[in-house]
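Student: Below is the file protein_31.cif, which contains mmCIF, C-alpha atoms and all ligand atoms.
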```cif
data_work
#
loop_
_atom_site.label_atom_id
_atom_site.label_comp_id
_atom_site.auth_asym_id
_atom_site.auth_seq_id
_atom_site.Cartn_x
_atom_site.Cartn_y
_atom_site.Cartn_z
CA MET A 1 18.61 10.13 -20.77
CA ARG A 2 18.28 6.44 -21.65
CA ALA A 3 15.93 3.85 -20.14
CA ILE A 4 18.70 1.23 -20.04
CA ASP A 5 20.85 3.40 -17.75
CA ILE A 6 17.96 3.89 -15.33
CA ILE A 7 17.22 0.15 -15.30
CA ARG A 8 20.90 -0.60 -14.66
CA LYS A 9 20.97 1.82 -11.71
CA LYS A 10 17.94 0.18 -10.13
CA ARG A 11 19.28 -3.29 -10.87
CA ASP A 12 22.46 -2.36 -8.98
CA GLY A 13 20.49 -1.09 -5.99
CA GLU A 14 21.05 2.63 -6.58
CA ALA A 15 18.37 5.28 -6.13
CA ILE A 16 16.97 6.94 -9.24
CA SER A 17 16.14 10.63 -9.49
CA LYS A 18 12.77 12.32 -9.84
CA GLU A 19 13.66 13.27 -13.44
CA GLU A 20 14.65 9.70 -14.31
CA THR A 21 11.39 8.38 -12.85
CA ALA A 22 9.33 10.88 -14.85
CA PHE A 23 11.31 10.02 -18.01
CA LEU A 24 10.51 6.29 -17.63
CA ILE A 25 6.83 6.73 -16.76
CA ASN A 26 6.14 9.28 -19.52
CA GLY A 27 8.21 7.34 -22.04
CA HIS A 28 6.34 4.12 -21.28
CA LEU A 29 2.95 5.78 -21.66
CA LYS A 30 3.96 7.38 -24.99
CA GLY A 31 5.40 4.10 -26.28
CA ASP A 32 9.04 5.31 -26.34
CA VAL A 33 9.95 2.91 -23.50
CA PRO A 34 8.79 -0.58 -24.53
CA ASP A 35 7.04 -3.02 -22.18
CA TYR A 36 10.13 -5.26 -21.99
CA GLN A 37 12.24 -2.43 -20.55
CA MET A 38 9.49 -1.39 -18.15
CA ALA A 39 9.03 -5.02 -17.04
CA SER A 40 12.73 -5.25 -16.36
CA PHE A 41 12.60 -2.03 -14.32
CA LEU A 42 9.63 -3.36 -12.31
CA MET A 43 11.53 -6.56 -11.51
CA ALA A 44 14.53 -4.50 -10.36
CA VAL A 45 12.20 -2.53 -8.05
CA TYR A 46 10.64 -5.77 -6.84
CA HIS A 47 14.07 -7.06 -5.79
CA ASN A 48 15.81 -3.89 -4.64
CA GLY A 49 12.89 -1.79 -3.38
CA MET A 50 12.76 1.98 -3.42
CA ALA A 51 13.62 4.71 -0.93
CA ASP A 52 10.52 6.60 0.25
CA GLU A 53 11.53 9.67 -1.82
CA GLU A 54 11.75 7.49 -4.95
CA THR A 55 8.27 6.08 -4.27
CA ILE A 56 6.92 9.61 -3.81
CA ALA A 57 8.46 10.60 -7.18
CA LEU A 58 6.97 7.49 -8.82
CA THR A 59 3.53 8.32 -7.39
CA GLU A 60 3.81 11.92 -8.65
CA ALA A 61 4.79 10.79 -12.15
CA MET A 62 1.92 8.26 -12.28
CA LEU A 63 -0.54 10.86 -11.00
CA ALA A 64 0.68 13.41 -13.58
CA SER A 65 0.06 10.89 -16.38
CA GLY A 66 -3.67 11.71 -16.10
CA ARG A 67 -6.07 14.34 -14.83
CA LYS A 68 -6.58 15.45 -11.27
CA ILE A 69 -10.22 16.17 -10.51
CA ASP A 70 -10.68 19.94 -10.31
CA MET A 71 -12.47 20.66 -7.05
CA SER A 72 -12.80 24.41 -7.52
CA GLY A 73 -16.31 25.57 -6.75
CA ILE A 74 -17.14 22.44 -4.72
CA GLN A 75 -17.83 23.37 -1.11
CA GLY A 76 -16.95 21.17 1.88
CA VAL A 77 -14.08 18.93 2.85
CA LYS A 78 -13.16 16.44 0.11
CA ILE A 79 -12.32 13.11 1.70
CA ASP A 80 -12.13 9.46 0.70
CA LYS A 81 -11.44 6.04 2.17
CA HIS A 82 -9.46 3.29 0.46
CA SER A 83 -9.32 -0.34 1.48
CA THR A 84 -6.48 -2.55 0.30
CA GLY A 85 -9.10 -5.25 -0.26
CA GLY A 86 -10.69 -8.15 1.50
CA VAL A 87 -13.55 -10.64 1.59
CA GLY A 88 -17.03 -9.23 2.22
CA ASP A 89 -15.47 -5.78 2.55
CA LYS A 90 -18.36 -3.52 1.61
CA THR A 91 -17.80 -0.56 3.93
CA SER A 92 -17.40 1.92 1.02
CA LEU A 93 -21.05 1.54 0.01
CA ILE A 94 -22.17 2.39 3.55
CA LEU A 95 -19.56 5.04 4.30
CA ALA A 96 -19.98 7.13 1.15
CA PRO A 97 -23.71 7.93 1.69
CA LEU A 98 -23.04 8.37 5.41
CA MET A 99 -20.28 10.92 4.81
CA ALA A 100 -22.39 12.73 2.20
CA ALA A 101 -25.28 12.92 4.68
CA MET A 102 -22.84 14.60 7.10
CA GLY A 103 -21.96 17.22 4.48
CA LEU A 104 -18.56 15.83 3.43
CA LYS A 105 -17.68 15.28 -0.25
CA MET A 106 -16.47 11.84 -1.32
CA PRO A 107 -15.21 11.55 -4.92
CA MET A 108 -14.42 7.84 -4.95
CA VAL A 109 -12.46 6.13 -7.73
CA ALA A 110 -12.96 2.41 -7.11
CA GLY A 111 -11.75 -0.86 -8.57
CA ARG A 112 -13.05 -4.23 -9.71
CA GLY A 113 -12.42 -7.39 -7.71
CA LEU A 114 -9.52 -9.70 -8.48
CA GLY A 115 -8.96 -13.21 -7.09
CA HIS A 116 -10.56 -13.88 -3.71
CA THR A 117 -11.09 -10.16 -2.93
CA GLY A 118 -14.16 -8.22 -4.06
CA GLY A 119 -14.35 -4.76 -5.67
CA THR A 120 -16.81 -1.89 -5.27
CA ILE A 121 -17.34 -1.49 -9.02
CA ASP A 122 -18.54 -5.13 -9.32
CA LYS A 123 -20.90 -4.73 -6.38
CA LEU A 124 -22.45 -1.64 -7.98
CA ALA A 125 -22.81 -3.46 -11.31
CA SER A 126 -25.54 -5.55 -9.65
CA ILE A 127 -27.81 -2.48 -9.31
CA PRO A 128 -29.86 -2.42 -12.53
CA GLY A 129 -28.78 0.39 -14.85
CA LEU A 130 -26.17 1.89 -12.51
CA ARG A 131 -23.17 3.31 -14.39
CA THR A 132 -19.68 3.62 -12.97
CA SER A 133 -18.10 4.39 -16.36
CA ILE A 134 -18.57 8.09 -15.82
CA SER A 135 -16.35 11.08 -16.54
CA VAL A 136 -14.50 13.41 -14.22
CA ASP A 137 -17.11 16.07 -15.11
CA ASP A 138 -19.90 13.71 -13.98
CA VAL A 139 -18.04 13.24 -10.70
CA ARG A 140 -18.00 17.01 -10.14
CA GLU A 141 -21.72 17.18 -10.85
CA ASN A 142 -22.52 14.30 -8.45
CA LEU A 143 -20.45 15.90 -5.70
CA LYS A 144 -22.48 19.09 -6.06
CA THR A 145 -25.88 17.39 -6.12
CA VAL A 146 -25.49 14.21 -4.04
CA GLY A 147 -22.24 14.72 -2.16
CA PHE A 148 -20.52 11.57 -3.37
CA SER A 149 -19.73 9.74 -6.55
CA ILE A 150 -18.22 6.36 -7.42
CA MET A 151 -16.38 5.94 -10.72
CA GLY A 152 -14.27 3.14 -12.17
CA GLN A 153 -10.70 3.94 -13.16
CA ASN A 154 -10.66 5.22 -16.74
CA SER A 155 -8.10 6.73 -19.09
CA GLU A 156 -8.48 10.11 -17.37
CA ILE A 157 -7.26 8.84 -13.99
CA ALA A 158 -3.61 7.75 -13.65
CA PRO A 159 -3.48 5.95 -17.04
CA SER A 160 0.11 4.96 -16.30
CA ASP A 161 -1.12 2.85 -13.37
CA LYS A 162 -3.47 0.91 -15.64
CA ARG A 163 -0.58 0.07 -18.02
CA LEU A 164 1.82 -0.75 -15.21
CA TYR A 165 -0.68 -2.89 -13.31
CA ALA A 166 -1.31 -5.07 -16.36
CA LEU A 167 2.44 -5.47 -16.80
CA ARG A 168 2.98 -6.28 -13.10
CA ASP A 169 0.21 -8.84 -13.25
CA ALA A 170 1.94 -10.59 -16.16
CA THR A 171 5.47 -10.40 -14.71
CA ALA A 172 4.94 -11.48 -11.08
CA THR A 173 5.79 -8.02 -9.74
CA VAL A 174 2.48 -7.10 -8.08
CA GLU A 175 3.67 -7.93 -4.55
CA SER A 176 6.07 -5.04 -4.10
CA ILE A 177 5.31 -2.53 -1.34
CA PRO A 178 6.56 0.60 -3.21
CA LEU A 179 4.75 -0.44 -6.41
CA ILE A 180 1.50 -1.13 -4.54
CA ALA A 181 1.78 2.16 -2.62
CA ALA A 182 2.42 4.22 -5.79
CA SER A 183 -0.39 2.43 -7.63
CA ILE A 184 -3.00 3.05 -4.93
CA MET A 185 -1.92 6.59 -4.08
CA SER A 186 -1.65 7.80 -7.71
CA LYS A 187 -5.36 7.02 -8.16
CA LYS A 188 -6.45 8.40 -4.79
CA LEU A 189 -4.47 11.62 -5.18
CA ALA A 190 -6.09 12.17 -8.60
CA GLU A 191 -9.37 12.68 -6.71
CA GLY A 192 -8.29 16.17 -5.58
CA LEU A 193 -8.71 15.30 -1.90
CA ASP A 194 -8.14 17.23 1.32
CA GLY A 195 -8.12 14.07 3.44
CA LEU A 196 -7.75 10.31 3.04
CA LEU A 197 -8.36 7.36 5.33
CA LEU A 198 -6.59 4.11 4.41
CA ASP A 199 -7.97 0.79 5.63
CA VAL A 200 -4.96 -1.50 5.26
CA LYS A 201 -6.08 -5.08 5.72
CA THR A 202 -3.98 -7.84 7.19
CA GLY A 203 -4.78 -11.53 7.65
CA SER A 204 -5.55 -14.62 5.56
CA GLY A 205 -7.99 -12.82 3.23
CA ALA A 206 -5.81 -9.75 2.71
CA PHE A 207 -3.18 -8.83 0.15
CA MET A 208 -0.74 -8.28 3.03
CA LYS A 209 -0.98 -11.45 5.09
CA ASP A 210 1.94 -10.46 7.32
CA PRO A 211 1.07 -7.64 9.78
CA GLU A 212 4.61 -6.21 9.44
CA ASP A 213 4.16 -5.85 5.64
CA ALA A 214 0.76 -4.23 6.21
CA LYS A 215 2.42 -1.75 8.57
CA LYS A 216 5.18 -0.95 6.06
CA LEU A 217 2.61 -0.35 3.32
CA ALA A 218 0.43 1.77 5.61
CA ARG A 219 3.35 3.94 6.78
CA LEU A 220 4.55 4.46 3.22
CA MET A 221 1.10 5.49 1.96
CA VAL A 222 0.61 7.87 4.92
CA LYS A 223 3.97 9.45 4.09
CA ILE A 224 3.11 9.80 0.38
CA GLY A 225 -0.31 11.33 1.10
CA ASN A 226 0.96 13.82 3.67
CA SER A 227 3.95 14.80 1.50
CA MET A 228 1.48 15.75 -1.22
CA GLY A 229 -0.68 17.89 1.05
CA VAL A 230 -3.46 15.35 1.72
CA LYS A 231 -4.10 14.64 5.42
CA THR A 232 -3.72 10.87 5.46
CA VAL A 233 -4.34 8.38 8.27
CA ALA A 234 -4.14 4.58 8.06
CA LEU A 235 -5.92 1.97 10.15
CA ILE A 236 -4.53 -1.55 10.03
CA THR A 237 -7.53 -3.86 10.34
CA GLY A 238 -8.04 -7.61 10.53
CA MET A 239 -9.09 -9.67 7.52
CA ASP A 240 -8.89 -13.22 8.85
CA THR A 241 -12.63 -13.74 8.47
CA PRO A 242 -15.15 -12.21 6.02
CA LEU A 243 -16.60 -8.87 7.07
CA GLY A 244 -20.33 -9.04 7.74
CA ARG A 245 -22.39 -11.93 6.40
CA ALA A 246 -22.50 -11.53 2.61
CA VAL A 247 -19.72 -12.36 0.14
CA GLY A 248 -20.64 -11.71 -3.50
CA ASN A 249 -21.86 -8.69 -5.38
CA ALA A 250 -25.70 -8.47 -5.28
CA LEU A 251 -25.69 -10.19 -1.88
CA GLU A 252 -23.35 -7.52 -0.51
CA VAL A 253 -25.45 -4.67 -1.93
CA LYS A 254 -28.45 -6.17 -0.14
CA GLU A 255 -26.46 -6.28 3.11
CA CYS A 256 -25.39 -2.64 2.66
CA VAL A 257 -29.02 -1.57 2.27
CA THR A 258 -29.91 -3.16 5.61
CA ALA A 259 -26.75 -1.67 7.18
CA LEU A 260 -27.81 1.80 5.99
CA LYS A 261 -31.03 1.17 7.91
CA GLY A 262 -29.01 0.27 11.02
CA ARG A 263 -29.21 -3.52 10.87
CA CYS A 264 -26.23 -5.74 10.05
CA ALA A 265 -23.63 -8.06 11.59
CA PRO A 266 -21.87 -6.38 14.54
CA ASP A 267 -18.39 -6.60 12.99
CA LEU A 268 -19.50 -4.81 9.81
CA MET A 269 -21.30 -2.08 11.76
CA GLU A 270 -18.45 -1.62 14.21
CA LEU A 271 -15.77 -1.28 11.52
CA THR A 272 -17.96 1.06 9.46
CA MET A 273 -18.57 3.28 12.50
CA VAL A 274 -14.86 3.35 13.40
CA LEU A 275 -13.92 4.26 9.81
CA ALA A 276 -16.65 6.92 9.72
CA ALA A 277 -15.43 8.35 13.04
CA TRP A 278 -11.90 8.61 11.66
CA MET A 279 -13.12 10.31 8.49
CA ALA A 280 -15.06 12.83 10.57
CA HIS A 281 -11.98 13.39 12.76
CA ILE A 282 -9.70 13.93 9.74
CA SER A 283 -12.29 16.32 8.31
CA ASP A 284 -12.45 18.29 11.58
CA SER A 285 -8.67 18.54 11.71
CA ILE A 286 -8.68 19.90 8.15
CA SER A 287 -11.31 22.52 9.04
CA GLU A 288 -9.45 23.45 12.23
CA GLU A 289 -6.03 23.38 10.51
CA THR A 290 -4.65 20.93 13.10
CA GLU A 291 -3.13 17.48 12.74
CA PRO A 292 -5.35 14.39 13.25
CA GLN A 293 -4.35 12.83 16.57
CA LYS A 294 -4.90 9.31 17.87
CA MET A 295 -8.39 9.21 19.37
CA ASN A 296 -9.19 7.91 22.85
CA GLU A 297 -12.33 5.82 23.49
CA THR A 298 -14.33 8.86 24.70
CA LEU A 299 -13.67 10.89 21.55
CA LEU A 300 -14.25 7.87 19.30
CA LYS A 301 -17.59 7.25 21.02
CA ARG A 302 -18.59 10.91 20.65
CA TYR A 303 -18.01 10.71 16.89
CA LYS A 304 -19.80 7.35 16.63
CA ASP A 305 -22.87 8.69 18.50
CA GLU A 306 -23.02 11.72 16.22
CA ILE A 307 -22.69 9.55 13.10
CA TRP A 308 -25.31 7.05 14.25
CA ASP A 309 -27.98 9.79 14.05
CA TYR A 310 -27.50 9.94 10.26
CA ILE A 311 -28.29 6.24 10.02
CA GLU A 312 -31.09 6.28 12.57
CA HIS A 313 -32.90 9.20 10.92
CA GLY A 314 -32.60 7.72 7.41
CA ASP A 315 -30.33 10.46 5.97
CA ALA A 316 -27.62 8.03 4.85
CA PHE A 317 -30.13 5.71 3.16
CA LYS A 318 -31.68 8.72 1.39
CA LYS A 319 -28.23 9.69 0.04
CA PHE A 320 -27.77 6.14 -1.28
CA ILE A 321 -31.03 6.46 -3.22
CA GLU A 322 -29.99 9.86 -4.62
CA PHE A 323 -26.66 8.35 -5.70
CA ILE A 324 -28.29 5.43 -7.54
CA ASP A 325 -30.54 7.87 -9.34
CA ALA A 326 -27.67 10.26 -10.24
CA GLN A 327 -25.61 7.38 -11.69
CA HIS A 328 -28.55 6.15 -13.81
CA GLY A 329 -29.47 3.12 -11.68
CA ASN A 330 -32.94 2.01 -10.62
CA PRO A 331 -33.45 3.26 -7.02
CA ASP A 332 -36.34 0.79 -6.57
CA ALA A 333 -33.66 -1.92 -6.19
CA ALA A 334 -32.80 -0.46 -2.77
CA PHE A 335 -36.39 -1.00 -1.62
CA ASP A 336 -37.08 -4.31 -3.35
CA PRO A 337 -34.11 -6.74 -3.34
CA SER A 338 -35.92 -8.99 -5.84
CA LEU A 339 -34.86 -6.42 -8.47
CA LEU A 340 -31.19 -7.34 -7.87
CA PRO A 341 -29.73 -10.31 -9.80
CA ARG A 342 -30.99 -13.57 -8.28
CA ALA A 343 -29.30 -16.97 -8.32
CA GLU A 344 -31.03 -19.99 -9.74
CA HIS A 345 -29.36 -22.42 -7.33
CA ILE A 346 -29.38 -21.90 -3.55
CA MET A 347 -27.89 -24.48 -1.20
CA PRO A 348 -27.35 -24.47 2.57
CA ILE A 349 -24.09 -25.81 4.00
CA LEU A 350 -24.86 -27.91 7.08
CA SER A 351 -22.37 -28.11 9.90
CA PRO A 352 -20.80 -31.56 10.31
CA TRP A 353 -19.71 -30.52 13.83
CA SER A 354 -21.05 -29.16 17.12
CA GLY A 355 -19.27 -26.51 19.20
CA PHE A 356 -18.25 -22.89 18.71
CA ILE A 357 -16.96 -21.46 15.43
CA LYS A 358 -13.34 -20.69 16.26
CA ARG A 359 -12.11 -19.79 12.75
CA LEU A 360 -13.97 -19.02 9.54
CA ASP A 361 -11.19 -18.36 7.09
CA ALA A 362 -11.54 -15.34 4.81
CA TYR A 363 -9.33 -16.78 2.08
CA ALA A 364 -11.30 -20.05 1.93
CA ALA A 365 -14.62 -18.16 1.84
CA GLY A 366 -13.28 -15.80 -0.84
CA GLN A 367 -12.04 -18.67 -3.00
CA ALA A 368 -15.35 -20.52 -2.56
CA SER A 369 -17.20 -17.42 -3.77
CA VAL A 370 -14.93 -17.23 -6.85
CA ILE A 371 -15.79 -20.89 -7.63
CA LEU A 372 -19.50 -20.00 -7.40
CA GLY A 373 -18.87 -17.27 -10.00
CA ALA A 374 -18.75 -14.15 -7.79
CA GLY A 375 -15.11 -13.30 -8.55
CA ARG A 376 -12.56 -13.48 -11.32
CA ASN A 377 -9.10 -14.99 -11.59
CA ARG A 378 -8.10 -12.79 -14.54
CA MET A 379 -9.21 -9.20 -15.14
CA GLU A 380 -11.02 -10.16 -18.36
CA ASP A 381 -13.14 -12.93 -16.75
CA GLU A 382 -16.95 -12.54 -16.62
CA ILE A 383 -18.59 -12.78 -13.20
CA ASP A 384 -21.99 -13.90 -11.93
CA LEU A 385 -23.39 -10.91 -10.03
CA ALA A 386 -25.93 -13.08 -8.17
CA ALA A 387 -23.35 -15.60 -6.93
CA GLY A 388 -21.84 -15.75 -3.48
CA ILE A 389 -22.24 -16.85 0.10
CA VAL A 390 -24.33 -15.69 3.04
CA ILE A 391 -22.69 -16.66 6.30
CA GLY A 392 -25.06 -17.90 8.99
CA LYS A 393 -22.57 -18.58 11.76
CA LYS A 394 -19.75 -16.15 12.47
CA PRO A 395 -16.66 -16.76 14.64
CA GLY A 396 -17.77 -17.02 18.28
CA ASP A 397 -21.24 -18.37 17.41
CA PRO A 398 -22.34 -21.77 18.76
CA VAL A 399 -23.35 -24.35 16.16
CA ALA A 400 -24.98 -27.79 16.34
CA ALA A 401 -24.30 -30.61 13.86
CA GLY A 402 -26.81 -30.41 11.01
CA GLU A 403 -27.43 -26.66 11.47
CA PRO A 404 -26.73 -24.39 8.46
CA VAL A 405 -23.43 -22.47 8.73
CA ALA A 406 -23.84 -20.68 5.40
CA THR A 407 -25.89 -20.59 2.19
CA LEU A 408 -24.38 -20.77 -1.29
CA TYR A 409 -25.84 -18.87 -4.29
CA THR A 410 -24.93 -19.53 -7.92
CA ASN A 411 -26.20 -19.92 -11.47
CA ASP A 412 -23.76 -22.79 -12.03
CA ALA A 413 -25.02 -25.84 -10.12
CA SER A 414 -21.82 -27.77 -10.90
CA SER A 415 -19.80 -25.38 -8.69
CA LEU A 416 -21.76 -26.07 -5.48
CA GLY A 417 -19.96 -29.22 -4.28
CA LYS A 418 -16.46 -27.77 -4.70
CA ALA A 419 -17.45 -24.45 -3.09
CA GLU A 420 -19.01 -26.27 -0.13
CA LYS A 421 -15.86 -28.34 0.44
CA LEU A 422 -13.62 -25.30 0.24
CA PHE A 423 -15.80 -23.23 2.58
CA LEU A 424 -15.88 -26.05 5.18
CA SER A 425 -12.09 -26.43 4.94
CA GLY A 426 -11.82 -22.91 6.38
CA ILE A 427 -13.85 -23.68 9.50
CA GLU A 428 -12.35 -24.68 12.85
CA ILE A 429 -14.55 -25.64 15.79
CA SER A 430 -13.72 -25.41 19.49
CA ASP A 431 -15.42 -26.70 22.64
CA ARG A 432 -15.18 -23.34 24.34
CA GLU A 433 -16.27 -19.90 23.21
CA PRO A 434 -13.20 -18.33 21.54
CA ALA A 435 -11.88 -14.84 22.35
CA LYS A 436 -13.17 -12.05 20.05
CA ALA A 437 -10.72 -11.01 17.31
CA ARG A 438 -9.55 -7.39 17.27
CA LEU A 439 -10.94 -5.38 14.34
CA VAL A 440 -8.43 -2.51 14.45
CA HIS A 441 -4.82 -3.53 15.03
CA GLU A 442 -3.12 -0.17 14.77
CA VAL A 443 -3.64 3.46 13.78
CA ILE A 444 -0.95 5.42 11.91
CA THR A 445 -1.60 9.17 11.99
CA HIS A 446 1.78 10.41 10.82
CA VAL A 447 5.23 9.09 9.87
N1 LIG A 501 -4.53 -2.15 -5.56
C1 LIG A 501 -4.05 -1.26 -6.46
O1 LIG A 501 -4.75 -0.33 -6.87
N2 LIG A 501 -2.80 -1.42 -6.90
C2 LIG A 501 -1.98 -2.40 -6.47
O2 LIG A 501 -0.85 -2.47 -6.89
C3 LIG A 501 -2.50 -3.33 -5.56
C4 LIG A 501 -3.78 -3.17 -5.11
#
```
Just give me the structure of the file as structure tokens.
Tutor:
Amino acid sequence: MRAIDIIRKKRDGEAISKEETAFLINGHLKGDVPDYQMASFLMAVYHNGMADEETIALTEAMLASGRKIDMSGIQGVKIDKHSTGGVGDKTSLILAPLMAAMGLKMPMVAGRGLGHTGGTIDKLASIPGLRTSISVDDVRENLKTVGFSIMGQNSEIAPSDKRLYALRDATATVESIPLIAASIMSKKLAEGLDGLLLDVKTGSGAFMKDPEDAKKLARLMVKIGNSMGVKTVALITGMDTPLGRAVGNALEVKECVTALKGRCAPDLMELTMVLAAWMAHISDSISEETEPQKMNETLLKRYKDEIWDYIEHGDAFKKFIEFIDAQHGNPDAAFDPSLLPRAEHIMPILSPWSGFIKRLDAYAAGQASVILGAGRNRMEDEIDLAAGIVIGKKPGDPVAAGEPVATLYTNDASSLGKAEKLFLSGIEISDREPAKARLVHEVITHV
């Protein structure tokens, strides 16, 4: 077998076999297939796409390049949630302790933020001492003691994805639905899961701005997951405006702590409860050996009521504390936010207009937070964990001229003016109260 023949096939729009895919992926990881050939293959995939069976084979080869977490001896349903990324999207940090409190096991492999979207690993870095560079063996231990674990991707988990992602980033081939699907699913399937809930974002602050692309990606990932024996459901959810009030790492951790105590912006709580309900439903279908079905409002409400008890009685918050302790962080930070990184410069943004907030654009808010130092444009960039934005007025809220719409936080005073301008450019005002945006656009339970 030769790499050049496989590249030529893909260039000419032909399908490649499972064996050819494995040959390329293994050869690239060993150094037998050089980056320039792999880059050429990636560009051919970018232009010609892949049949679903080819994407499944690619995912399998990427998964097999590393270890799969061995779940033997770990009781309970193993389940995870993955979001394709957004602005202020912090549901993982609320959901994981919530699921653990309910007795489910959540072995999360999470990522760092890139561009205007945040990442769970960066948010956790703001908790003093907390380590996410942990091993697969540590994950097993945390699942047994706490019930959930959050690790960064390391050389044990789908190492081929790490190499390919860097190459895609440098060759303008990130935005390919089969490549994104294989990249995400190879890491998730390495977690040794029974069930998986995908939160595929669409809107201005999402990777997939076009709802049709989001749907294609969601359907493909559901197909990959189910074909590999993991019960997978996808929700397509809106990302036109930041989720909750905080954007930025320490600020988002602080918001998660209040959410775990039952207090946060309604959109953040609602989406978290819907995601939690779906995770509980997937878990029940695994225990009952049935297929997860679309839920009606009555069933959804029944799950949400049951889940709310774990927040109300403090069980989820207790799990969060146990997790911080197990991953070497200082649990006091969850009780005393002054122990989280704090910004030297804090500035309110005053509304130049009166009316109702009609649009508060997620992309503009995300970019403004990057300018303040909360995000990175390149993977190697340093970030300011204290930087970010706290939104005072959400879409639908009335505002008067001169009232604060948001507060900026940074350690770089020179960034404030530019961030303010950018944030305001994403606001649209209307005379009348606008209609509420839908949080969940669609549910895909099987393909
Ligand atoms: N997230 C991933 O893990 N991989 C991609 O390709 C895109 C988003």
Student: With a cut-off of 10 Å, could you pull out the residues of chain A touching ligand LIG 501 (chain A) and give me the nearest pair of atoms for each, distance in Å to one decimal, using only C-alpha atoms and all ligand atoms, ordered by chain and ascending number, as a tab-separated table?
Tutor:
```
residue	atom	partner	partner_atom	distance
A:His82	CA	A:LIG501	O1	9.4
A:Ser83	CA	A:LIG501	N1	8.7
A:Thr84	CA	A:LIG501	C4	6.1
A:Gly85	CA	A:LIG501	C4	7.5
A:Ala110	CA	A:LIG501	O1	8.7
A:Gly111	CA	A:LIG501	O1	7.2
A:Arg112	CA	A:LIG501	O1	9.6
A:Gly113	CA	A:LIG501	N1	9.7
A:Leu114	CA	A:LIG501	C4	9.3
A:Gln153	CA	A:LIG501	O1	9.7
A:Asp161	CA	A:LIG501	N2	7.9
A:Lys162	CA	A:LIG501	O1	8.9
A:Leu164	CA	A:LIG501	O2	8.9
A:Tyr165	CA	A:LIG501	O2	6.4
A:Ala166	CA	A:LIG501	O2	9.8
A:Arg168	CA	A:LIG501	O2	8.2
A:Asp169	CA	A:LIG501	O2	9.1
A:Thr173	CA	A:LIG501	O2	9.1
A:Val174	CA	A:LIG501	O2	5.8
A:Glu175	CA	A:LIG501	O2	7.5
A:Ser176	CA	A:LIG501	O2	7.9
A:Ile177	CA	A:LIG501	O2	8.3
A:Pro178	CA	A:LIG501	O2	8.8
A:Leu179	CA	A:LIG501	O2	6.0
A:Ile180	CA	A:LIG501	O2	3.6
A:Ala181	CA	A:LIG501	O2	6.8
A:Ala182	CA	A:LIG501	O2	7.5
A:Ser183	CA	A:LIG501	N2	4.6
A:Ile184	CA	A:LIG501	O1	4.3
A:Met185	CA	A:LIG501	O1	8.0
A:Ser186	CA	A:LIG501	O1	8.7
A:Lys187	CA	A:LIG501	O1	7.5
A:Lys188	CA	A:LIG501	O1	9.1
A:Phe207	CA	A:LIG501	C4	7.8
```
Student: At a cut-off of 10 Å, using only C-alpha atoms, what residues contact A:Ile282? Leave out same-chain residues fewer than 2 positions from it and give the result as a compact mmCIF listing (two decimals) with C-alpha atoms, in the coordinates of the input.
Tutor:
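And here is the file that came out, selection.txt:
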```
# COMPACT_ATOMS: atom_id res chain seq x y z
CA VAL A 77 -14.08 18.93 2.85
CA ILE A 79 -12.32 13.11 1.70
CA ASP A 194 -8.14 17.23 1.32
CA GLY A 195 -8.12 14.07 3.44
CA LEU A 196 -7.75 10.31 3.04
CA LEU A 197 -8.36 7.36 5.33
CA LYS A 231 -4.10 14.64 5.42
CA THR A 232 -3.72 10.87 5.46
CA VAL A 233 -4.34 8.38 8.27
CA ALA A 276 -16.65 6.92 9.72
CA ALA A 277 -15.43 8.35 13.04
CA TRP A 278 -11.90 8.61 11.66
CA MET A 279 -13.12 10.31 8.49
CA ALA A 280 -15.06 12.83 10.57
CA ASP A 284 -12.45 18.29 11.58
CA SER A 285 -8.67 18.54 11.71
CA ILE A 286 -8.68 19.90 8.15
CA SER A 287 -11.31 22.52 9.04
CA GLU A 288 -9.45 23.45 12.23
CA THR A 290 -4.65 20.93 13.10
CA GLU A 291 -3.13 17.48 12.74
CA PRO A 292 -5.35 14.39 13.25
CA GLN A 293 -4.35 12.83 16.57
CA THR A 445 -1.60 9.17 11.99
```
Student: Residues near A:Arg8, anyone? I mean within 10 Å using all atoms listed in the file, not counting same-chain ones fewer than 4 positions away, as a list in words.
Tutor: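 Using all atoms listed in the file, the neighbours found are Ala3, Ile4, Asp12, Gly13, Glu14, Ser40, Phe41 and Ala44 of chain A.
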Student: Could you name the residues that touch A:Val405 at 9 Å or less, counting only C-alpha atoms, but leaving out those on the same chain fewer than 5 positions away, as a PDB file with C-alpha atoms, in the coordinates of the input?
Tutor:
```pdb
ATOM      1  CA  PRO A 348     -27.350 -24.470   2.570  1.00  0.00           C
ATOM      2  CA  ILE A 349     -24.090 -25.810   4.000  1.00  0.00           C
ATOM      3  CA  LEU A 350     -24.860 -27.910   7.080  1.00  0.00           C
ATOM      4  CA  SER A 351     -22.370 -28.110   9.900  1.00  0.00           C
ATOM      5  CA  VAL A 390     -24.330 -15.690   3.040  1.00  0.00           C
ATOM      6  CA  ILE A 391     -22.690 -16.660   6.300  1.00  0.00           C
ATOM      7  CA  GLY A 392     -25.060 -17.900   8.990  1.00  0.00           C
ATOM      8  CA  LYS A 393     -22.570 -18.580  11.760  1.00  0.00           C
ATOM      9  CA  LYS A 394     -19.750 -16.150  12.470  1.00  0.00           C
ATOM     10  CA  VAL A 399     -23.350 -24.350  16.160  1.00  0.00           C
TER      11      VAL A 399
END
```
Student: How many Å lie between atom CA of A:Glu156 and atom CA of A:Ser135, rounded to one decimal?
Tutor: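 Those two atoms sit 8.0 Å apart.
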